[in-house]
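Enquirer: Pasting a structure here, questions to come.
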Amino acid sequence: PDLTEFKKRNGHKQPKKFLYDAVRFSHKSYCIYHAAKNNNVDKLFWLDSDTEIFGNITQEYLNSFLPDDTFTSYLGRPDYSETGFLGFNLNYNHSDDFFNKFKEYYDTDKIYELKGQLDCHVYDAARIFVEDKFNTKNLNLSPEGVGKHHFNHVFDDHMIHYKGERKQKRDEQLARAIKRKNRKNA
């Protein structure tokens with residue numbers, strides 16, 4: 001219902017660039033919020049639907065990206081984070097503070113005060129809020145010096161994210177990733 005209300009209030013807006021299309025990208029945020037608040041799990045991981053898993057994903061593998069003493073893990077970038085993969089430790093002391101702030105940006109339309117209106121801008125704002133206010137420990141998974149393809153670099157032998165123009169070259173991308181994986185394991 002809160003997503004529907006947000007869309008009703010703001011559906012008339014016609015952003016000139018995708019970076020300002022809060023309504024289009026709000027579905028993901030409300031989905032993550034709902035999953036965090038309505039599941040009895042210790043850790044929650046989000047993968048965008050244009051991610052393909054081609055390696056063995058175990059609980060240990062996922063936990064390696066979200067240590068127990070860390071609230072959230074993400075793929076940082078200079079301007080705003082990549083939110084195609086996110087990890088959340090729902091047992092962390094200030095998990096509720098994060099998710100309440102995260103949803104508040106939409107429910108109060110404060111998202112329009114951010115430099116961009118994508119889910120990643122809201123994620124970064126809420127993450128920075130809990131870092132500053134509660135000194136939460138969060139983990140940026142992006143290696144130094146890796147540019148646009150940091151997702152595929154971090155999850156190289158297990159997952160590939162078909163972001164943007166790469167969606168049109170899925171077969172080619174996947175074949176290269178599997179070939180790299182096989183060379184490493186040979």
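All residue names refer to the structure tokens as shown: chains lettered A, B, ... in order, residues numbered from 1 in each chain, ligands numbered from 1 in order.
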Run DSSP on the backbone and grab whatever in segment 26-157 of chain A lands in strand (DSSP E or B); send it over as a list in words.

Expert: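 Those in segment 26-157 of chain A that DSSP calls strand (DSSP E or B) are Lys43, Leu44, Phe45, Trp46, Leu47, Thr51, Glu52, Ile53, Thr72, Ser73, Tyr74, Leu75, Glu82, Thr83, Gly84, Phe85, Leu86, Gly87, Phe88, Asn89, Asn138, Leu139 and Asn140 of chain A.
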
Enquirer: If you take only C-alpha atoms and a cut-off of 9 Å, which residues of segment 23-46 of chain A touch segment 108-123 of chain A, and what are their nearest atom pairs and distances in Å to one decimal, in chain and number order, as a tab-separated table?

Expert:
residue	atom	partner	partner_atom	distance
A:Val23	CA	A:Gln117	CA	8.6
A:Arg24	CA	A:Leu118	CA	8.4
A:Phe25	CA	A:Leu118	CA	5.7
A:Ser26	CA	A:Asp119	CA	6.4
A:His27	CA	A:Asp119	CA	8.8
A:Lys28	CA	A:Asp119	CA	7.1
A:Ser29	CA	A:Asp119	CA	6.0

Enquirer: Include C-alpha atoms and write out the residues we just selected as an mmCIF file, in the first residue's frame.

Expert:
data_model
loop_
_atom_site.group_PDB
_atom_site.id
_atom_site.type_symbol
_atom_site.label_atom_id
_atom_site.label_comp_id
_atom_site.auth_asym_id
_atom_site.auth_seq_id
_atom_site.Cartn_x
_atom_site.Cartn_y
_atom_site.Cartn_z
ATOM 1 C CA VAL A 23 8.702 6.084 -9.300
ATOM 2 C CA ARG A 24 10.233 3.627 -11.761
ATOM 3 C CA PHE A 25 12.945 2.606 -9.292
ATOM 4 C CA SER A 26 10.805 2.636 -6.139
ATOM 5 C CA HIS A 27 9.518 -0.924 -6.606
ATOM 6 C CA LYS A 28 12.892 -2.404 -5.722
ATOM 7 C CA SER A 29 13.208 -0.330 -2.551
#

Enquirer: With a distance cut-off of 9 Å and only C-alpha atoms, select the neighbouring residues of segment 56-60 of chain A, excluding the residue or stretch itself and same-chain residues fewer than 6 positions from it, and output the selection as a PyMOL selection string.

Expert: chain A and resi 157-159

Enquirer: Using only C-alpha atoms, which residue out of A:Phe54, A:Ala35, A:Phe65, A:Lys13 lies closest to Lys179 of chain A?

Expert: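 When distances to Lys179 of chain A are compared using only C-alpha atoms, the smallest one comes from A:Phe54.
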
Enquirer: Report as a compact mmCIF listing (two decimals) with N, CA and C atoms, in the first residue's frame all protein, DNA and RNA residues lying within 12 Å of His12 of chain A, evaluated on only C-alpha atoms, omitting residues in the same chain fewer than 2 positions from it.

Expert:
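Resulting contents of out_34.txt:
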# COMPACT_ATOMS: atom_id res chain seq x y z
N PHE A 6 2.94 6.12 -2.83
CA PHE A 6 4.07 6.87 -3.38
C PHE A 6 3.87 7.10 -4.88
N LYS A 7 3.46 6.07 -5.58
CA LYS A 7 3.25 6.17 -7.02
C LYS A 7 2.08 7.10 -7.36
N LYS A 8 1.03 7.07 -6.56
CA LYS A 8 -0.10 7.98 -6.79
C LYS A 8 0.33 9.44 -6.63
N ARG A 9 1.12 9.71 -5.58
CA ARG A 9 1.57 11.08 -5.32
C ARG A 9 2.53 11.60 -6.39
N ASN A 10 3.32 10.70 -6.96
CA ASN A 10 4.42 11.15 -7.80
C ASN A 10 4.39 10.64 -9.24
N GLN A 14 7.50 13.68 -14.78
CA GLN A 14 8.13 13.22 -16.02
C GLN A 14 9.62 13.58 -15.99
N PRO A 15 10.45 12.71 -15.41
CA PRO A 15 11.88 13.03 -15.31
C PRO A 15 12.54 13.08 -16.69
N ASP A 21 14.14 9.23 -11.97
CA ASP A 21 12.88 8.51 -12.10
C ASP A 21 12.58 7.70 -10.83
N ALA A 22 12.24 8.41 -9.78
CA ALA A 22 12.00 7.78 -8.47
C ALA A 22 10.88 6.75 -8.52
N VAL A 23 9.84 7.02 -9.25
CA VAL A 23 8.70 6.08 -9.30
C VAL A 23 9.12 4.77 -9.94
N ARG A 24 9.79 4.84 -11.06
CA ARG A 24 10.23 3.63 -11.76
C ARG A 24 11.11 2.75 -10.87

Enquirer: Would you mind listing what lies within 12 Å of segment 154-156 of chain A as a CSV table (one decimal) with all heavy atoms, in the first residue's frame, with only C-alpha atoms counted and same-chain residues fewer than 2 positions away left out?

Expert:
chain,number,residue,atom,x,y,z
A,47,LEU,N,19.6,-9.6,-5.1
A,47,LEU,CA,20.3,-9.7,-6.4
A,47,LEU,C,19.3,-9.1,-7.4
A,47,LEU,O,18.1,-9.5,-7.4
A,47,LEU,CB,20.6,-11.1,-6.9
A,47,LEU,CG,21.8,-11.8,-6.2
A,47,LEU,CD1,21.8,-13.3,-6.7
A,47,LEU,CD2,23.0,-11.1,-6.6
A,51,THR,N,20.6,-10.6,-13.1
A,51,THR,CA,21.9,-11.3,-12.6
A,51,THR,C,21.7,-12.8,-12.9
A,51,THR,O,20.6,-13.3,-12.6
A,51,THR,CB,22.1,-11.1,-11.1
A,51,THR,OG1,22.3,-9.7,-10.9
A,51,THR,CG2,23.3,-11.8,-10.7
A,52,GLU,N,22.7,-13.4,-13.5
A,52,GLU,CA,22.6,-14.8,-13.7
A,52,GLU,C,23.6,-15.5,-12.9
A,52,GLU,O,24.8,-15.2,-12.8
A,52,GLU,CB,22.8,-15.2,-15.2
A,52,GLU,CG,22.7,-16.6,-15.5
A,52,GLU,CD,22.6,-16.9,-17.0
A,52,GLU,OE1,22.7,-15.9,-17.8
A,52,GLU,OE2,22.4,-18.0,-17.4
A,53,ILE,N,23.2,-16.6,-12.2
A,53,ILE,CA,24.1,-17.4,-11.3
A,53,ILE,C,24.6,-18.6,-12.2
A,53,ILE,O,23.8,-19.3,-12.7
A,53,ILE,CB,23.4,-17.9,-10.1
A,53,ILE,CG1,23.0,-16.7,-9.2
A,53,ILE,CG2,24.2,-18.8,-9.3
A,53,ILE,CD1,22.1,-17.0,-8.0
A,54,PHE,N,25.9,-18.7,-12.3
A,54,PHE,CA,26.4,-19.9,-13.1
A,54,PHE,C,27.4,-20.7,-12.3
A,54,PHE,O,28.0,-21.6,-12.8
A,54,PHE,CB,27.0,-19.4,-14.4
A,54,PHE,CG,28.2,-18.5,-14.2
A,54,PHE,CD1,29.5,-19.0,-14.2
A,54,PHE,CD2,28.1,-17.1,-14.2
A,54,PHE,CE1,30.6,-18.2,-14.1
A,54,PHE,CE2,29.2,-16.3,-14.0
A,54,PHE,CZ,30.4,-16.9,-14.0
A,55,GLY,N,27.6,-20.3,-11.0
A,55,GLY,CA,28.5,-21.1,-10.1
A,55,GLY,C,27.7,-21.5,-8.9
A,55,GLY,O,26.6,-21.1,-8.7
A,56,ASN,N,28.4,-22.3,-8.1
A,56,ASN,CA,27.7,-22.8,-6.9
A,56,ASN,C,27.7,-21.7,-5.8
A,56,ASN,O,28.7,-21.2,-5.4
A,56,ASN,CB,28.5,-24.0,-6.4
A,56,ASN,CG,27.8,-24.7,-5.2
A,56,ASN,OD1,26.6,-24.6,-5.1
A,56,ASN,ND2,28.5,-25.4,-4.4
A,57,ILE,N,26.5,-21.4,-5.4
A,57,ILE,CA,26.3,-20.3,-4.4
A,57,ILE,C,25.8,-21.0,-3.1
A,57,ILE,O,24.8,-21.7,-3.1
A,57,ILE,CB,25.2,-19.3,-4.8
A,57,ILE,CG1,25.5,-18.7,-6.1
A,57,ILE,CG2,24.9,-18.3,-3.7
A,57,ILE,CD1,26.6,-17.7,-6.1
A,61,TYR,N,29.5,-19.0,1.0
A,61,TYR,CA,29.9,-18.0,-0.1
A,61,TYR,C,29.3,-16.7,0.1
A,61,TYR,O,30.0,-15.6,0.2
A,61,TYR,CB,29.6,-18.6,-1.5
A,61,TYR,CG,29.9,-17.6,-2.6
A,61,TYR,CD1,31.2,-17.5,-3.0
A,61,TYR,CD2,28.9,-16.9,-3.2
A,61,TYR,CE1,31.5,-16.6,-4.1
A,61,TYR,CE2,29.2,-16.0,-4.2
A,61,TYR,CZ,30.5,-15.9,-4.7
A,61,TYR,OH,30.9,-15.0,-5.7
A,62,LEU,N,28.0,-16.6,0.3
A,62,LEU,CA,27.3,-15.3,0.6
A,62,LEU,C,27.8,-14.7,1.9
A,62,LEU,O,28.0,-13.5,1.9
A,62,LEU,CB,25.8,-15.5,0.6
A,62,LEU,CG,25.1,-15.8,-0.7
A,62,LEU,CD1,23.7,-16.1,-0.5
A,62,LEU,CD2,25.3,-14.6,-1.7
A,64,SER,N,30.6,-14.8,3.1
A,64,SER,CA,32.0,-14.2,2.9
A,64,SER,C,31.9,-12.7,2.5
A,64,SER,O,32.8,-12.0,2.7
A,64,SER,CB,32.8,-15.0,1.9
A,64,SER,OG,32.3,-14.8,0.6
A,65,PHE,N,30.7,-12.3,2.0
A,65,PHE,CA,30.5,-10.9,1.6
A,65,PHE,C,29.8,-10.1,2.6
A,65,PHE,O,29.6,-8.9,2.4
A,65,PHE,CB,29.7,-10.9,0.3
A,65,PHE,CG,30.5,-11.5,-0.9
A,65,PHE,CD1,30.1,-12.8,-1.3
A,65,PHE,CD2,31.6,-10.9,-1.5
A,65,PHE,CE1,30.8,-13.4,-2.4
A,65,PHE,CE2,32.3,-11.5,-2.5
A,65,PHE,CZ,31.9,-12.7,-3.0
A,74,TYR,N,27.9,-3.8,0.0
A,74,TYR,CA,27.5,-3.2,-1.3
A,74,TYR,C,28.6,-3.0,-2.2
A,74,TYR,O,29.8,-3.2,-1.8
A,74,TYR,CB,26.8,-1.8,-0.9
A,74,TYR,CG,27.8,-0.8,-0.3
A,74,TYR,CD1,28.4,0.1,-1.1
A,74,TYR,CD2,28.1,-0.9,1.0
A,74,TYR,CE1,29.3,1.0,-0.5
A,74,TYR,CE2,29.0,0.0,1.6
A,74,TYR,CZ,29.6,0.9,0.8
A,74,TYR,OH,30.5,1.8,1.4
A,75,LEU,N,28.3,-2.6,-3.4
A,75,LEU,CA,29.4,-2.3,-4.4
A,75,LEU,C,29.4,-0.8,-4.6
A,75,LEU,O,28.6,-0.2,-5.3
A,75,LEU,CB,29.0,-3.0,-5.7
A,75,LEU,CG,29.0,-4.5,-5.6
A,75,LEU,CD1,28.2,-5.1,-6.8
A,75,LEU,CD2,30.4,-5.1,-5.6
A,76,GLY,N,30.4,-0.2,-4.0
A,76,GLY,CA,30.5,1.3,-4.0
A,76,GLY,C,31.1,1.7,-5.3
A,76,GLY,O,31.9,1.0,-6.0
A,84,GLY,N,22.8,-3.7,-7.4
A,84,GLY,CA,22.5,-5.0,-8.0
A,84,GLY,C,22.8,-6.2,-7.1
A,84,GLY,O,22.2,-7.3,-7.2
A,85,PHE,N,23.6,-5.9,-6.1
A,85,PHE,CA,23.9,-6.9,-5.0
A,85,PHE,C,23.9,-6.1,-3.7
A,85,PHE,O,24.6,-5.1,-3.6
A,85,PHE,CB,25.2,-7.6,-5.2
A,85,PHE,CG,25.6,-8.5,-4.0
A,85,PHE,CD1,25.2,-9.8,-3.9
A,85,PHE,CD2,26.2,-7.9,-2.9
A,85,PHE,CE1,25.5,-10.6,-2.8
A,85,PHE,CE2,26.6,-8.7,-1.8
A,85,PHE,CZ,26.2,-10.0,-1.7
A,140,ASN,N,32.2,-2.1,1.7
A,140,ASN,CA,32.2,-1.8,0.3
A,140,ASN,C,33.0,-2.9,-0.4
A,140,ASN,O,34.2,-3.0,-0.1
A,140,ASN,CB,32.9,-0.4,0.0
A,140,ASN,CG,33.0,-0.1,-1.4
A,140,ASN,OD1,32.6,-0.8,-2.3
A,140,ASN,ND2,33.5,1.1,-1.7
A,141,LEU,N,32.4,-3.7,-1.2
A,141,LEU,CA,33.0,-4.8,-1.8
A,141,LEU,C,33.8,-4.5,-3.1
A,141,LEU,O,34.6,-5.3,-3.6
A,141,LEU,CB,31.9,-5.9,-2.2
A,141,LEU,CG,31.1,-6.4,-1.1
A,141,LEU,CD1,29.9,-7.3,-1.6
A,141,LEU,CD2,32.0,-7.3,-0.1
A,142,SER,N,33.6,-3.3,-3.6
A,142,SER,CA,34.3,-2.9,-4.8
A,142,SER,C,35.8,-2.7,-4.6
A,142,SER,O,36.2,-2.0,-3.8
A,142,SER,CB,33.8,-1.6,-5.4
A,142,SER,OG,32.4,-1.8,-5.8
A,143,PRO,N,36.6,-3.4,-5.4
A,143,PRO,CA,38.1,-3.3,-5.3
A,143,PRO,C,38.5,-1.9,-5.9
A,143,PRO,O,37.8,-1.4,-6.8
A,143,PRO,CB,38.6,-4.4,-6.2
A,143,PRO,CG,37.5,-5.1,-6.7
A,143,PRO,CD,36.2,-4.5,-6.4
A,144,GLU,N,39.6,-1.4,-5.4
A,144,GLU,CA,40.2,-0.1,-5.9
A,144,GLU,C,40.5,-0.3,-7.4
A,144,GLU,O,41.0,-1.3,-7.8
A,144,GLU,CB,41.4,0.2,-5.1
A,144,GLU,CG,41.2,0.7,-3.7
A,144,GLU,CD,40.6,2.1,-3.7
A,144,GLU,OE1,41.0,2.9,-4.5
A,144,GLU,OE2,39.8,2.3,-2.8
A,146,VAL,N,38.7,-0.7,-10.0
A,146,VAL,CA,37.8,-1.4,-10.9
A,146,VAL,C,36.7,-0.5,-11.2
A,146,VAL,O,36.0,0.0,-10.4
A,146,VAL,CB,37.3,-2.7,-10.3
A,146,VAL,CG1,36.3,-3.4,-11.2
A,146,VAL,CG2,38.4,-3.7,-10.0
A,147,GLY,N,36.5,-0.3,-12.5
A,147,GLY,CA,35.5,0.7,-13.0
A,147,GLY,C,34.1,0.2,-13.1
A,147,GLY,O,33.5,-0.4,-12.2
A,148,LYS,N,33.6,0.2,-14.3
A,148,LYS,CA,32.2,0.0,-14.6
A,148,LYS,C,31.8,-1.5,-14.3
A,148,LYS,O,30.6,-1.7,-14.0
A,148,LYS,CB,31.9,0.3,-16.0
A,148,LYS,CG,30.5,0.5,-16.4
A,148,LYS,CD,30.5,1.0,-17.9
A,148,LYS,CE,29.0,1.3,-18.2
A,148,LYS,NZ,28.9,1.8,-19.6
A,149,HIS,N,32.7,-2.4,-14.4
A,149,HIS,CA,32.3,-3.8,-14.3
A,149,HIS,C,32.7,-4.4,-12.9
A,149,HIS,O,33.0,-5.6,-12.8
A,149,HIS,CB,32.9,-4.6,-15.4
A,149,HIS,CG,32.6,-4.1,-16.8
A,149,HIS,ND1,31.3,-4.1,-17.3
A,149,HIS,CD2,33.3,-3.4,-17.7
A,149,HIS,CE1,31.3,-3.5,-18.5
A,149,HIS,NE2,32.5,-3.1,-18.7
A,150,HIS,N,32.6,-3.7,-11.9
A,150,HIS,CA,33.0,-4.2,-10.5
A,150,HIS,C,32.1,-5.3,-10.1
A,150,HIS,O,32.6,-6.2,-9.4
A,150,HIS,CB,32.9,-3.0,-9.5
A,150,HIS,CG,31.7,-2.2,-9.5
A,150,HIS,ND1,31.4,-1.2,-10.4
A,150,HIS,CD2,30.6,-2.4,-8.8
A,150,HIS,CE1,30.2,-0.8,-10.2
A,150,HIS,NE2,29.7,-1.5,-9.2
A,151,PHE,N,30.8,-5.3,-10.4
A,151,PHE,CA,30.0,-6.5,-10.0
A,151,PHE,C,30.5,-7.8,-10.5
A,151,PHE,O,30.7,-8.7,-9.8
A,151,PHE,CB,28.5,-6.3,-10.6
A,151,PHE,CG,27.6,-7.3,-10.1
A,151,PHE,CD1,26.6,-7.0,-9.1
A,151,PHE,CD2,27.5,-8.6,-10.6
A,151,PHE,CE1,25.7,-8.0,-8.7
A,151,PHE,CE2,26.7,-9.6,-10.2
A,151,PHE,CZ,25.7,-9.2,-9.2
A,152,ASN,N,30.8,-7.8,-11.8
A,152,ASN,CA,31.3,-9.1,-12.4
A,152,ASN,C,32.7,-9.4,-11.9
A,152,ASN,O,33.1,-10.6,-11.9
A,152,ASN,CB,31.3,-9.0,-13.9
A,152,ASN,CG,29.8,-8.9,-14.4
A,152,ASN,OD1,28.9,-9.2,-13.8
A,152,ASN,ND2,29.7,-8.3,-15.6
A,158,HIS,N,31.0,-16.9,-10.2
A,158,HIS,CA,29.7,-17.3,-9.7
A,158,HIS,C,28.5,-16.6,-10.3
A,158,HIS,O,27.4,-17.2,-10.5
A,158,HIS,CB,29.6,-17.1,-8.2
A,158,HIS,CG,30.6,-18.0,-7.4
A,158,HIS,ND1,31.9,-17.7,-7.3
A,158,HIS,CD2,30.4,-19.2,-6.8
A,158,HIS,CE1,32.5,-18.6,-6.6
A,158,HIS,NE2,31.6,-19.5,-6.3
A,159,MET,N,28.6,-15.3,-10.6
A,159,MET,CA,27.4,-14.6,-11.1
A,159,MET,C,27.9,-13.5,-12.1
A,159,MET,O,29.0,-13.1,-12.1
A,159,MET,CB,26.8,-13.8,-9.9
A,159,MET,CG,26.2,-14.6,-8.8
A,159,MET,SD,25.4,-13.6,-7.6
A,159,MET,CE,26.7,-13.3,-6.4
A,160,ILE,N,27.0,-13.2,-13.0
A,160,ILE,CA,27.2,-12.1,-13.9
A,160,ILE,C,26.0,-11.2,-14.0
A,160,ILE,O,24.9,-11.7,-13.9
A,160,ILE,CB,27.6,-12.7,-15.3
A,160,ILE,CG1,28.1,-11.6,-16.2
A,160,ILE,CG2,26.4,-13.5,-15.9
A,160,ILE,CD1,28.7,-12.1,-17.5
A,161,HIS,N,26.2,-9.9,-14.0
A,161,HIS,CA,25.1,-8.9,-14.0
A,161,HIS,C,25.1,-8.3,-15.4
A,161,HIS,O,26.0,-7.7,-15.9
A,161,HIS,CB,25.4,-7.9,-13.0
A,161,HIS,CG,24.3,-6.9,-12.7
A,161,HIS,ND1,24.5,-5.7,-12.1
A,161,HIS,CD2,23.0,-7.0,-13.0
A,161,HIS,CE1,23.3,-5.1,-12.0
A,161,HIS,NE2,22.4,-5.9,-12.6
A,173,GLN,N,28.6,-12.8,-23.1
A,173,GLN,CA,29.1,-12.5,-21.8
A,173,GLN,C,29.3,-13.8,-20.9
A,173,GLN,O,30.3,-14.0,-20.3
A,173,GLN,CB,28.2,-11.6,-21.1
A,173,GLN,CG,28.0,-10.2,-21.7
A,173,GLN,CD,29.2,-9.3,-21.3
A,173,GLN,OE1,29.6,-9.4,-20.2
A,173,GLN,NE2,29.6,-8.4,-22.2
A,174,LEU,N,28.2,-14.6,-21.0
A,174,LEU,CA,28.2,-15.8,-20.2
A,174,LEU,C,29.3,-16.8,-20.6
A,174,LEU,O,30.0,-17.4,-19.8
A,174,LEU,CB,26.9,-16.5,-20.2
A,174,LEU,CG,26.7,-17.7,-19.3
A,174,LEU,CD1,27.0,-17.4,-17.9
A,174,LEU,CD2,25.3,-18.3,-19.5
A,176,ARG,N,32.2,-16.1,-22.0
A,176,ARG,CA,33.5,-15.6,-21.6
A,176,ARG,C,33.7,-15.9,-20.1
A,176,ARG,O,34.7,-16.2,-19.6
A,176,ARG,CB,33.6,-14.1,-21.9
A,176,ARG,CG,34.2,-13.8,-23.2
A,176,ARG,CD,34.5,-12.4,-23.3
A,176,ARG,NE,33.2,-11.7,-23.4
A,176,ARG,CZ,33.0,-10.5,-23.9
A,176,ARG,NH1,34.0,-9.8,-24.3
A,176,ARG,NH2,31.9,-10.0,-23.9
A,177,ALA,N,32.6,-15.6,-19.3
A,177,ALA,CA,32.7,-15.8,-17.8
A,177,ALA,C,33.0,-17.3,-17.5
A,177,ALA,O,33.8,-17.6,-16.7
A,177,ALA,CB,31.4,-15.4,-17.1
A,178,ILE,N,32.3,-18.2,-18.2
A,178,ILE,CA,32.5,-19.6,-17.9
A,178,ILE,C,33.9,-20.1,-18.4
A,178,ILE,O,34.6,-20.8,-17.7
A,178,ILE,CB,31.4,-20.5,-18.6
A,178,ILE,CG1,30.1,-20.2,-17.9
A,178,ILE,CG2,31.7,-21.9,-18.6
A,178,ILE,CD1,28.9,-20.8,-18.6
A,179,LYS,N,34.4,-19.5,-19.5
A,179,LYS,CA,35.7,-19.8,-20.0
A,179,LYS,C,36.8,-19.4,-19.0
A,179,LYS,O,37.7,-20.1,-18.7
A,179,LYS,CB,35.9,-19.2,-21.3
A,179,LYS,CG,37.1,-19.6,-22.1
A,179,LYS,CD,37.2,-19.0,-23.5
A,179,LYS,CE,38.3,-19.5,-24.3
A,179,LYS,NZ,38.3,-19.0,-25.6
A,180,ARG,N,36.6,-18.2,-18.4
A,180,ARG,CA,37.6,-17.7,-17.4
A,180,ARG,C,37.5,-18.6,-16.2
A,180,ARG,O,38.6,-18.9,-15.6
A,180,ARG,CB,37.2,-16.2,-17.0
A,180,ARG,CG,37.9,-15.1,-17.7
A,180,ARG,CD,37.7,-13.8,-17.0
A,180,ARG,NE,36.3,-13.5,-16.5
A,180,ARG,CZ,35.3,-13.0,-17.2
A,180,ARG,NH1,35.5,-12.6,-18.4
A,180,ARG,NH2,34.2,-12.8,-16.6
A,181,LYS,N,36.4,-19.0,-15.8
A,181,LYS,CA,36.2,-19.8,-14.6
A,181,LYS,C,36.9,-21.2,-14.8
A,181,LYS,O,37.6,-21.7,-14.0
A,181,LYS,CB,34.7,-20.0,-14.3
A,181,LYS,CG,34.5,-20.9,-13.1
A,181,LYS,CD,33.0,-21.1,-12.8
A,181,LYS,CE,32.9,-22.0,-11.6
A,181,LYS,NZ,31.5,-22.2,-11.2
A,182,ASN,N,36.7,-21.7,-16.0
A,182,ASN,CA,37.3,-23.0,-16.3
A,182,ASN,C,38.8,-22.9,-16.4
A,182,ASN,O,39.5,-23.9,-15.9
A,182,ASN,CB,36.8,-23.6,-17.6
A,182,ASN,CG,35.3,-24.0,-17.5
A,182,ASN,OD1,34.8,-24.3,-16.4
A,182,ASN,ND2,34.6,-24.1,-18.6
A,184,LYS,N,40.7,-20.9,-14.6
A,184,LYS,CA,41.2,-20.7,-13.3
A,184,LYS,C,41.2,-22.1,-12.6
A,184,LYS,O,42.0,-22.4,-11.7
A,184,LYS,CB,40.3,-19.8,-12.5
A,184,LYS,CG,40.5,-18.3,-12.8
A,184,LYS,CD,39.6,-17.5,-11.9
A,184,LYS,CE,39.6,-16.1,-12.2
A,184,LYS,NZ,38.7,-15.3,-11.3

Enquirer: Can you pull out the residues contacting Lys137 of chain A? Cut-off 10 Å, using only C-alpha atoms, and skip same-chain residues under 4 positions away; I want them as a list in words.

Expert: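 Counting only C-alpha atoms, the residues come to Pro67, Asp69, Thr70, Phe71, Thr72, Ser73, Tyr92, Arg127, Val130 and Glu131 of chain A.
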
Enquirer: List the neighbours of Trp46 of chain A out to 8 Å using only C-alpha atoms; skip same-chain residues closer than 2 positions along the sequence, and give me the result as a ChimeraX atom specification.

Expert: /A:32,44,48,84-87

Enquirer: Would you please give, as a VMD selection string, all residues of segment 45-185 of chain A that DSSP assigns to alpha helix (DSSP H) based on the backbone?

Expert: chain A and resid 59 to 63 95 to 107 119 to 134 150 to 154 170 to 185

Enquirer: Take the selection from the previous step and output its residues with C-alpha atoms, as a PDB file, in the first residue's frame.

Expert:
ATOM      1  CA  GLN A  59      25.531 -19.887   2.456  1.00  0.00           C
ATOM      2  CA  GLU A  60      29.261 -19.731   3.236  1.00  0.00           C
ATOM      3  CA  TYR A  61      29.930 -18.025  -0.093  1.00  0.00           C
ATOM      4  CA  LEU A  62      27.302 -15.336   0.571  1.00  0.00           C
ATOM      5  CA  ASN A  63      28.423 -14.905   4.180  1.00  0.00           C
ATOM      6  CA  SER A  95      19.068  -2.533  11.180  1.00  0.00           C
ATOM      7  CA  ASP A  96      15.648  -1.062  11.996  1.00  0.00           C
ATOM      8  CA  ASP A  97      17.093   2.457  12.008  1.00  0.00           C
ATOM      9  CA  PHE A  98      18.421   1.919   8.494  1.00  0.00           C
ATOM     10  CA  PHE A  99      15.217   0.446   7.081  1.00  0.00           C
ATOM     11  CA  ASN A 100      13.005   3.059   8.711  1.00  0.00           C
ATOM     12  CA  LYS A 101      15.163   5.850   7.250  1.00  0.00           C
ATOM     13  CA  PHE A 102      15.302   4.039   3.893  1.00  0.00           C
ATOM     14  CA  LYS A 103      11.507   3.887   3.635  1.00  0.00           C
ATOM     15  CA  GLU A 104      11.056   7.401   5.024  1.00  0.00           C
ATOM     16  CA  TYR A 105      12.722   8.854   1.916  1.00  0.00           C
ATOM     17  CA  TYR A 106       9.817   7.497  -0.129  1.00  0.00           C
ATOM     18  CA  ASP A 107       6.935   7.864   2.315  1.00  0.00           C
ATOM     19  CA  ASP A 119      17.118   3.286  -5.240  1.00  0.00           C
ATOM     20  CA  CYS A 120      20.916   3.502  -4.972  1.00  0.00           C
ATOM     21  CA  HIS A 121      20.739   7.159  -3.907  1.00  0.00           C
ATOM     22  CA  VAL A 122      18.280   6.247  -1.154  1.00  0.00           C
ATOM     23  CA  TYR A 123      20.402   3.252  -0.123  1.00  0.00           C
ATOM     24  CA  ASP A 124      23.516   5.452   0.124  1.00  0.00           C
ATOM     25  CA  ALA A 125      21.684   8.170   2.080  1.00  0.00           C
ATOM     26  CA  ALA A 126      20.256   5.681   4.605  1.00  0.00           C
ATOM     27  CA  ARG A 127      23.586   3.826   4.855  1.00  0.00           C
ATOM     28  CA  ILE A 128      25.510   7.041   5.488  1.00  0.00           C
ATOM     29  CA  PHE A 129      22.867   8.070   8.039  1.00  0.00           C
ATOM     30  CA  VAL A 130      23.428   4.919  10.149  1.00  0.00           C
ATOM     31  CA  GLU A 131      27.215   5.121   9.641  1.00  0.00           C
ATOM     32  CA  ASP A 132      27.300   8.692  10.934  1.00  0.00           C
ATOM     33  CA  LYS A 133      24.682   8.412  13.685  1.00  0.00           C
ATOM     34  CA  PHE A 134      25.382   4.905  15.017  1.00  0.00           C
ATOM     35  CA  HIS A 150      32.958  -4.156 -10.546  1.00  0.00           C
ATOM     36  CA  PHE A 151      29.951  -6.463 -10.020  1.00  0.00           C
ATOM     37  CA  ASN A 152      31.310  -9.063 -12.421  1.00  0.00           C
ATOM     38  CA  HIS A 153      34.818  -8.626 -11.002  1.00  0.00           C
ATOM     39  CA  VAL A 154      33.725  -9.299  -7.400  1.00  0.00           C
ATOM     40  CA  ARG A 170      24.098 -12.287 -22.781  1.00  0.00           C
ATOM     41  CA  ASP A 171      25.350 -15.440 -24.528  1.00  0.00           C
ATOM     42  CA  GLU A 172      28.702 -13.857 -25.336  1.00  0.00           C
ATOM     43  CA  GLN A 173      29.136 -12.514 -21.784  1.00  0.00           C
ATOM     44  CA  LEU A 174      28.232 -15.821 -20.151  1.00  0.00           C
ATOM     45  CA  ALA A 175      30.509 -17.851 -22.453  1.00  0.00           C
ATOM     46  CA  ARG A 176      33.467 -15.595 -21.556  1.00  0.00           C
ATOM     47  CA  ALA A 177      32.725 -15.830 -17.830  1.00  0.00           C
ATOM     48  CA  ILE A 178      32.513 -19.633 -17.907  1.00  0.00           C
ATOM     49  CA  LYS A 179      35.710 -19.846 -19.977  1.00  0.00           C
ATOM     50  CA  ARG A 180      37.551 -17.662 -17.415  1.00  0.00           C
ATOM     51  CA  LYS A 181      36.219 -19.821 -14.590  1.00  0.00           C
ATOM     52  CA  ASN A 182      37.312 -23.031 -16.304  1.00  0.00           C
ATOM     53  CA  ARG A 183      40.820 -21.638 -16.931  1.00  0.00           C
ATOM     54  CA  LYS A 184      41.164 -20.750 -13.259  1.00  0.00           C
ATOM     55  CA  ASN A 185      40.016 -24.180 -12.132  1.00  0.00           C
TER      56      ASN A 185
END

Enquirer: Take atom CA of Lys37 of chain A and atom CA of Leu90 of chain A and report the distance between them in Å, one decimal.

Expert: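 For atom CA of Lys37 of chain A relative to atom CA of Leu90 of chain A, the distance reads 9.0 Å.
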